[in-house]
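This is entry03.txt. It holds compact mmCIF, C-alpha atoms.
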```txt
# COMPACT_ATOMS: atom_id res chain seq x y z
CA MET A 297 75.06 -188.07 -21.72
CA LYS A 298 71.31 -187.98 -22.26
CA GLN A 299 69.31 -186.32 -19.49
CA ILE A 300 66.18 -188.24 -18.83
CA LEU A 301 62.78 -186.93 -18.23
CA VAL A 302 60.66 -184.92 -15.99
CA ILE A 303 62.84 -181.87 -15.76
CA ILE A 304 60.43 -179.60 -13.97
CA CYS A 305 63.20 -177.45 -12.71
CA VAL A 306 65.70 -175.21 -14.43
CA LEU A 307 66.20 -177.22 -17.60
CA ILE A 308 64.31 -175.29 -20.27
CA ALA A 309 64.67 -176.60 -23.79
CA VAL A 310 64.90 -174.17 -26.67
CA GLY A 311 62.75 -174.64 -29.73
CA VAL A 312 61.05 -177.85 -28.56
CA GLY A 313 58.63 -179.31 -31.08
CA PHE A 314 55.53 -179.88 -28.97
CA THR A 315 54.21 -182.66 -31.22
CA GLN A 316 57.24 -184.82 -30.44
CA HIS A 317 57.06 -187.36 -27.67
CA THR A 318 59.68 -187.31 -24.94
CA GLY A 319 61.67 -190.18 -26.44
CA GLU A 320 62.26 -188.10 -29.55
CA LEU A 321 63.32 -185.12 -27.45
CA LEU A 322 65.87 -187.43 -25.82
CA GLY A 323 67.25 -188.47 -29.20
CA TYR A 324 65.47 -191.81 -29.75
CA ASP A 325 63.60 -192.84 -32.88
CA ALA A 326 59.96 -191.84 -33.14
CA ASP A 327 58.77 -195.44 -32.84
CA LYS A 328 60.98 -196.40 -29.86
CA LYS A 329 59.22 -197.60 -26.70
CA LEU A 330 61.10 -196.66 -23.53
CA LEU A 331 60.25 -197.82 -20.03
CA ILE A 332 61.23 -196.80 -16.52
CA ILE A 333 60.19 -199.27 -13.79
CA ASN A 334 60.16 -197.39 -10.49
CA ALA A 335 59.80 -199.14 -7.12
CA ASP A 336 57.78 -196.84 -4.88
CA ASP A 337 57.71 -197.03 -1.06
CA PHE A 338 61.40 -197.84 -0.53
CA GLY A 339 62.09 -197.47 3.20
CA MET A 340 58.48 -198.14 4.21
CA CYS A 341 59.31 -201.41 6.00
CA HIS A 342 61.98 -204.11 6.06
CA ALA A 343 60.11 -206.44 3.67
CA GLU A 344 59.77 -203.59 1.17
CA ASN A 345 63.47 -202.80 1.50
CA LEU A 346 64.65 -206.38 0.95
CA ALA A 347 62.67 -206.73 -2.28
CA THR A 348 63.50 -203.26 -3.61
CA MET A 349 67.22 -203.56 -2.88
CA GLU A 350 67.44 -206.85 -4.72
CA LEU A 351 65.49 -205.59 -7.74
CA LEU A 352 67.57 -202.41 -7.93
CA LYS A 353 70.93 -204.09 -7.51
CA ASP A 354 70.18 -206.77 -10.11
CA GLY A 355 68.70 -204.31 -12.61
CA HIS A 356 65.15 -205.71 -12.56
CA VAL A 357 63.84 -202.20 -11.83
CA THR A 358 65.57 -199.04 -13.02
CA SER A 359 64.75 -196.66 -10.16
CA ALA A 360 63.12 -196.37 -6.74
CA THR A 361 61.80 -193.64 -4.48
CA ILE A 362 62.26 -193.53 -0.69
CA MET A 363 59.64 -192.58 1.91
CA MET A 364 61.68 -190.40 4.25
CA PRO A 365 59.25 -190.31 7.25
CA CYS A 366 59.12 -194.12 7.56
CA PRO A 367 60.88 -196.23 10.20
CA TRP A 368 63.07 -198.29 7.85
CA VAL A 369 64.51 -195.38 5.87
CA VAL A 370 67.97 -195.72 7.43
CA GLU A 371 68.41 -199.20 5.97
CA ALA A 372 67.41 -197.88 2.54
CA ALA A 373 69.81 -194.94 2.88
CA GLN A 374 72.71 -197.21 3.85
CA PHE A 375 72.03 -199.32 0.77
CA CYS A 376 72.18 -196.20 -1.40
CA MET A 377 75.54 -195.20 0.05
CA GLU A 378 76.92 -198.71 -0.46
CA ASN A 379 75.66 -198.84 -4.05
CA PRO A 380 76.36 -195.45 -5.66
CA GLY A 381 75.14 -194.92 -9.19
CA LEU A 382 71.68 -196.42 -8.73
CA ASP A 383 68.72 -194.19 -9.54
CA VAL A 384 67.01 -193.50 -6.21
CA GLY A 385 64.75 -190.55 -5.52
CA VAL A 386 62.52 -189.18 -2.76
CA HIS A 387 58.90 -190.28 -2.45
CA LEU A 388 57.35 -187.16 -0.90
CA THR A 389 54.98 -188.51 1.74
CA PHE A 390 51.97 -186.76 3.29
CA THR A 391 49.71 -189.75 4.03
CA ALA A 392 49.96 -192.79 6.30
CA GLU A 393 47.38 -195.12 4.78
CA TRP A 394 47.78 -198.37 6.74
CA LYS A 395 45.42 -199.06 9.65
CA ARG A 396 48.01 -200.43 12.11
CA TYR A 397 51.25 -198.87 10.83
CA LYS A 398 51.72 -195.11 10.94
CA TRP A 399 54.27 -192.32 10.60
CA GLY A 400 54.30 -188.56 10.90
CA SER A 401 56.25 -185.58 9.64
CA VAL A 402 60.00 -185.19 9.28
CA ALA A 403 59.66 -181.53 10.24
CA SER A 404 58.85 -180.88 13.91
CA GLU A 405 55.13 -181.17 14.65
CA ASP A 406 54.80 -177.55 15.78
CA LYS A 407 55.90 -176.36 12.33
CA VAL A 408 53.42 -178.46 10.34
CA PRO A 409 50.25 -178.94 12.45
CA SER A 410 47.96 -178.72 9.39
CA LEU A 411 49.54 -181.92 8.04
CA LEU A 412 48.94 -184.09 11.11
CA ASN A 413 46.05 -185.62 13.02
CA GLU A 414 45.51 -185.51 16.77
CA PHE A 415 47.99 -188.36 17.26
CA GLY A 416 50.78 -186.68 15.30
CA PHE A 417 50.38 -188.95 12.26
CA PHE A 418 49.72 -188.09 8.63
CA PRO A 419 46.09 -188.69 7.58
CA PRO A 420 45.23 -191.91 5.72
CA ASP A 421 43.80 -190.34 2.54
CA ILE A 422 44.44 -187.54 0.07
CA MET A 423 41.07 -185.87 0.73
CA SER A 424 42.18 -185.10 4.29
CA VAL A 425 45.48 -183.68 3.05
CA GLU A 426 43.83 -181.37 0.56
CA LYS A 427 41.24 -180.16 3.05
CA SER A 428 43.66 -179.27 5.84
CA ALA A 429 47.24 -178.83 4.58
CA THR A 430 48.43 -175.27 4.04
CA PRO A 431 50.80 -174.55 1.14
CA GLU A 432 53.33 -173.00 3.51
CA GLN A 433 53.48 -176.10 5.71
CA VAL A 434 53.54 -178.45 2.72
CA GLU A 435 56.66 -176.63 1.54
CA ILE A 436 58.26 -176.91 4.99
CA GLU A 437 57.69 -180.67 5.05
CA MET A 438 58.78 -181.18 1.45
CA ARG A 439 62.02 -179.38 2.23
CA ALA A 440 62.50 -181.39 5.45
CA GLN A 441 62.10 -184.68 3.58
CA LEU A 442 64.53 -183.68 0.81
CA ASP A 443 67.06 -182.38 3.34
CA LYS A 444 66.82 -185.57 5.41
CA ALA A 445 67.63 -187.61 2.30
CA LEU A 446 70.74 -185.52 1.71
CA GLN A 447 71.74 -185.71 5.38
CA LEU A 448 71.51 -189.52 5.27
CA GLY A 449 73.89 -189.61 2.31
CA ILE A 450 71.32 -190.20 -0.41
CA LYS A 451 72.00 -188.42 -3.70
CA PRO A 452 68.48 -188.19 -5.16
CA THR A 453 68.07 -188.54 -8.91
CA HIS A 454 64.42 -187.36 -8.86
CA PHE A 455 61.39 -187.08 -6.62
CA ASP A 456 57.70 -187.92 -6.76
CA ASN A 457 54.62 -188.04 -4.53
CA HIS A 458 53.18 -190.90 -2.47
CA MET A 459 49.50 -191.57 -3.30
CA GLY A 460 49.27 -188.37 -5.38
CA SER A 461 48.40 -186.34 -2.31
CA LEU A 462 49.86 -183.12 -3.76
CA TYR A 463 48.10 -183.24 -7.15
CA GLY A 464 44.65 -181.93 -6.20
CA LEU A 465 42.97 -185.17 -7.27
CA ALA A 466 40.24 -185.07 -4.60
CA THR A 467 39.26 -181.39 -4.40
CA GLY A 468 41.40 -179.62 -7.01
CA LYS A 469 43.58 -178.03 -4.30
CA HIS A 470 47.09 -178.82 -5.54
CA TYR A 471 50.61 -177.88 -4.47
CA PHE A 472 52.37 -177.61 -7.82
CA GLU A 473 53.78 -174.17 -7.02
CA GLN A 474 55.64 -175.60 -4.03
CA ILE A 475 56.73 -178.68 -6.01
CA PHE A 476 58.17 -176.65 -8.87
CA LYS A 477 59.86 -174.21 -6.50
CA LEU A 478 61.76 -177.00 -4.76
CA ALA A 479 62.43 -178.86 -8.01
CA ALA A 480 64.26 -175.78 -9.24
CA GLU A 481 65.99 -175.16 -5.90
CA TYR A 482 67.25 -178.75 -5.50
CA ASN A 483 67.74 -179.21 -9.26
CA LEU A 484 65.71 -182.43 -9.26
CA PRO A 485 63.21 -183.76 -11.80
CA PHE A 486 59.67 -184.54 -10.63
CA ARG A 487 57.25 -187.22 -11.81
CA LEU A 488 54.39 -185.69 -13.79
CA PRO A 489 53.25 -187.34 -17.06
CA ARG A 490 52.19 -185.59 -20.22
CA ASN A 491 49.30 -188.08 -20.59
CA MET A 492 47.42 -190.01 -17.93
CA GLY A 493 47.15 -193.76 -18.56
CA GLU A 494 43.95 -195.76 -19.00
CA ASN A 495 43.92 -197.01 -15.39
CA TYR A 496 43.93 -193.43 -14.15
CA ARG A 497 41.22 -192.39 -16.58
CA LYS A 498 39.04 -195.13 -15.13
CA ALA A 499 39.84 -194.34 -11.50
CA LEU A 500 40.03 -190.55 -11.34
CA PRO A 501 37.30 -187.95 -11.85
CA LYS A 502 37.25 -186.42 -15.31
CA GLU A 503 37.88 -182.99 -13.79
CA SER A 504 41.12 -184.26 -12.20
CA ILE A 505 42.35 -185.70 -15.49
CA ILE A 506 41.59 -182.43 -17.29
CA MET A 507 43.36 -180.41 -14.60
CA LEU A 508 46.48 -182.59 -14.69
CA GLU A 509 46.74 -182.58 -18.47
CA GLN A 510 46.19 -178.81 -18.60
CA MET A 511 49.04 -178.42 -16.11
CA THR A 512 51.39 -180.65 -18.10
CA GLY A 513 50.35 -178.96 -21.34
CA GLN A 514 51.35 -175.60 -19.91
CA LEU A 515 54.71 -177.00 -18.84
CA VAL A 516 55.40 -178.55 -22.23
CA SER A 517 54.50 -175.27 -23.94
CA ARG A 518 57.17 -173.61 -21.78
CA GLY A 519 59.75 -176.19 -22.86
CA PHE A 520 59.83 -178.58 -19.91
CA VAL A 521 60.62 -182.20 -20.75
CA LEU A 522 58.12 -184.63 -19.15
CA PRO A 523 57.50 -188.38 -19.31
CA ASP A 524 54.81 -189.26 -21.80
CA TYR A 525 52.88 -191.75 -19.69
CA LEU A 526 52.57 -192.96 -16.09
CA GLU A 527 51.13 -196.44 -15.57
CA SER A 528 50.31 -198.94 -12.84
CA ILE A 529 49.24 -202.58 -12.91
CA ASP A 530 45.65 -203.84 -12.74
CA TYR A 531 46.37 -206.95 -10.65
CA GLY A 532 44.63 -210.27 -11.02
CA LYS A 533 43.53 -212.73 -8.37
CA ASN A 534 46.75 -214.71 -8.52
CA TYR A 535 50.30 -214.69 -9.88
CA LYS A 536 49.32 -215.92 -13.35
CA GLU A 537 46.63 -213.29 -13.83
CA SER A 538 48.92 -210.56 -12.50
CA PHE A 539 51.75 -211.67 -14.81
CA GLU A 540 49.31 -211.44 -17.71
CA ALA A 541 48.41 -207.91 -16.56
CA PHE A 542 52.10 -206.93 -16.85
CA VAL A 543 52.24 -208.46 -20.33
CA LYS A 544 49.04 -206.69 -21.37
CA LEU A 545 50.43 -203.36 -20.21
CA PHE A 546 53.76 -203.88 -21.96
CA LYS A 547 51.99 -204.79 -25.20
CA SER A 548 49.92 -201.59 -24.95
CA LEU A 549 52.89 -199.24 -24.52
CA LYS A 550 53.05 -196.40 -27.02
CA PRO A 551 56.23 -194.90 -28.46
CA GLY A 552 57.92 -192.53 -26.05
CA VAL A 553 58.75 -192.71 -22.35
CA THR A 554 56.47 -194.57 -19.95
CA GLU A 555 57.05 -194.84 -16.21
CA LEU A 556 55.54 -197.88 -14.53
CA TYR A 557 55.48 -197.67 -10.76
CA ILE A 558 55.31 -200.80 -8.64
CA HIS A 559 55.48 -201.67 -4.93
CA ALA A 560 57.68 -204.70 -4.38
CA ALA A 561 57.91 -206.49 -1.04
CA LEU A 562 58.67 -209.94 0.31
CA PRO A 563 55.63 -211.85 1.71
CA THR A 564 56.87 -211.77 5.31
CA ASP A 565 54.83 -211.71 8.51
CA GLU A 566 55.76 -208.04 8.82
CA MET A 567 54.32 -207.20 5.39
CA LYS A 568 51.20 -209.29 5.98
CA ALA A 569 50.58 -207.46 9.27
CA ILE A 570 50.88 -204.08 7.54
CA SER A 571 48.67 -204.55 4.51
CA ASN A 572 46.07 -206.88 3.05
CA ALA A 573 47.56 -205.95 -0.32
CA TRP A 574 50.79 -207.83 0.44
CA ARG A 575 50.06 -210.34 -2.34
CA ASN A 576 50.23 -207.66 -5.02
CA ARG A 577 53.59 -206.50 -3.66
CA ASP A 578 54.84 -210.07 -3.74
CA PHE A 579 53.59 -210.36 -7.33
CA ASP A 580 55.52 -207.19 -8.25
CA TYR A 581 58.69 -208.62 -6.72
CA ARG A 582 58.43 -212.06 -8.31
CA ILE A 583 57.27 -210.91 -11.74
CA CYS A 584 59.84 -208.15 -12.15
CA LYS A 585 62.71 -210.52 -11.38
CA SER A 586 61.42 -213.34 -13.57
CA ASP A 587 63.19 -214.48 -16.72
CA GLU A 588 59.79 -214.67 -18.41
CA ILE A 589 59.09 -210.95 -18.05
CA LYS A 590 62.57 -210.12 -19.33
CA GLN A 591 61.83 -212.18 -22.42
CA VAL A 592 58.54 -210.33 -22.92
CA LEU A 593 60.36 -206.98 -22.84
CA LYS A 594 62.95 -208.28 -25.28
CA ASP A 595 60.35 -209.68 -27.67
CA LEU A 596 58.45 -206.38 -27.64
CA ASN A 597 61.68 -204.40 -28.19
CA ILE A 598 61.04 -202.25 -25.11
CA LYS A 599 64.13 -200.50 -23.77
CA LEU A 600 64.52 -200.06 -20.02
CA ILE A 601 65.95 -196.67 -19.14
CA LYS A 602 66.73 -194.68 -16.00
CA TRP A 603 65.89 -191.18 -14.91
CA GLU A 604 69.32 -190.21 -16.06
CA ASN A 605 70.05 -192.51 -18.97
CA ARG A 606 73.72 -193.04 -19.81
CA ILE A 607 73.23 -195.56 -22.62
```

Conversion result in structure tokens:
Amino acid sequence: MKQILVIICVLIAVGVGFTQHTGELLGYDADKKLLIINADDFGMCHAENLATMELLKDGHVTSATIMMPCPWVVEAAQFCMENPGLDVGVHLTFTAEWKRYKWGSVASEDKVPSLLNEFGFFPPDIMSVEKSATPEQVEIEMRAQLDKALQLGIKPTHFDNHMGSLYGLATGKHYFEQIFKLAAEYNLPFRLPRNMGENYRKALPKESIIMLEQMTGQLVSRGFVLPDYLESIDYGKNYKESFEAFVKLFKSLKPGVTELYIHAALPTDEMKAISNAWRNRDFDYRICKSDEIKQVLKDLNIKLIKWENRI
């Protein structure tokens, strides 16, 4: 069995050649392009669940991560129990970004006051998290979210971070020490790429990019196995333009392991009430399940893999 990626826990490789990409470390040829498609925000709402469950079950995406503080997490957890063997992780959540749809901590409010606003909700942006959250309370909430997943019968394959609120992208105040501590304790891999993709280089401050790549460089030098790239889609104004954005990204993939994260949802009244970005989530759903995108992946000889690849 080949263990896949982001082992930022107790898996320390011996004698890793640091010039190799992660695909080579996993036993693939140097020119092989490997892709994980991860559906973020599982459990956020019913429309998100319906789309994500279908994509997961039919193999259109290879993994998903659940937002444990959200109201529809029980439906997502029940799906996981009814469909063992799917790659589903925990989407550590410290922000509640939508204007009319909110959630707060899994841990009791009195234990994590630095994470919440005056209404008991998470703040809407990462700047607010970095300015107010204490490392001790971040760890309490991380642990509460992971434990809730286990209590609901989910067997996480990995975990990551909603909106990048723990990475120090706004002020440089990050929570990697707490992330790595729990990754080792729960024996779970964590999403952190060796190289930031072009979309991130355009969107993030140069200092944030340098900080992230310095962090991943240190981890690689210690023998940790990380994904090579993390990518998202630059959506167009309509389905056709967004489909072309997927194709453009797939054509640009480099050898090694890339994780593409998406947010799939059905275009229901519920989803439209939550977010003005519902169209992009509908595009993700429709494009990922389309025969046309499968043919693109086949033509480009891109192999879809999971966090724990058994093929």

Would you mind listing what lies within 10 Å of Glu435 of chain A as a list in words, with all atoms listed in the file counted and same-chain residues fewer than 2 positions away left out? Val408, Thr430, Pro431, Glu432, Gln433, Glu437, Met438, Arg439, Ala440, Gln441, Tyr471, Glu473, Gln474, Ile475, Lys477 and Leu478 of chain A

Using all atoms listed in the file, the residue out of A:Asn334, A:Gln374, A:Asn491, A:Asn413 with shortest distance to Val386 of chain A is A:Asn334

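Among the candidate residues A:Ser410, A:Gln591, A:Gln447, A:Gln316, the one lying nearest to Val370 of chain A is A:Gln447, with distances computed using all atoms listed in the file.
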
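Between atom CA of Thr318 of chain A and atom CA of Val553 of chain A there is a distance of 6.1 Å.
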
The centre and edge lengths of an axis-aligned box containing all atoms of segment 441-449 of chain A present in the file, extended by 5 Å on each side, are to be given in Å to one decimal, as lines of an AutoDock Vina configuration file.
```
center_x = 68.0
center_y = -186.0
center_z = 3.1
size_x = 21.8
size_y = 17.2
size_z = 14.6
```

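Proximity of A:Ile422, A:Glu350, A:Ala445, A:His458 to Leu388 of chain A, computed with all atoms listed in the file, is greatest for A:His458.
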
Determine, using only C-alpha atoms, which residues of segment 504-541 of chain A have any atom at most 9 Å from an atom of segment 562-583 of chain A, and tabulate each with its shortest atom pair and distance in Å to one decimal place, rows ordered by chain and then rising number, as CSV.
```
residue,atom,partner,partner_atom,distance
A:Tyr531,CA,A:Asn576,CA,6.9
A:Gly532,CA,A:Asn576,CA,8.6
A:Asn534,CA,A:Phe579,CA,8.2
A:Tyr535,CA,A:Phe579,CA,6.0
A:Ser538,CA,A:Phe579,CA,7.0
A:Phe539,CA,A:Ile583,CA,6.4
```

Restrict the selected residues to C-alpha atoms and save them as a tab-separated table (two decimals), in the frame of the given file.
```
chain	number	residue	atom	x	y	z
A	531	TYR	CA	46.37	-206.95	-10.65
A	532	GLY	CA	44.63	-210.27	-11.02
A	534	ASN	CA	46.75	-214.71	-8.52
A	535	TYR	CA	50.30	-214.69	-9.88
A	538	SER	CA	48.92	-210.56	-12.50
A	539	PHE	CA	51.75	-211.67	-14.81
```

| request: Mind checking which residues fall within 9 Å of Asp456 of chain A, counting all atoms listed in the file, ignoring those fewer than 3 positions away in the same chain, and posting them as a VMD selection string? | output: chain A and resid 361 385 to 389 460 485 to 488

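Proximity ranking of A:His356, A:Lys469, A:Lys451, A:Lys550 relative to Ala335 of chain A places A:His356 first, based on all atoms listed in the file.
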
Shortest contact to Asn483 of chain A, candidates A:Thr467, A:Ser504, A:Thr453, A:Thr554, atoms counted only C-alpha atoms, goes to A:Thr453

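What separates atom CA of Gly400 of chain A from atom CA of Cys376 of chain A is a distance of 23.0 Å.
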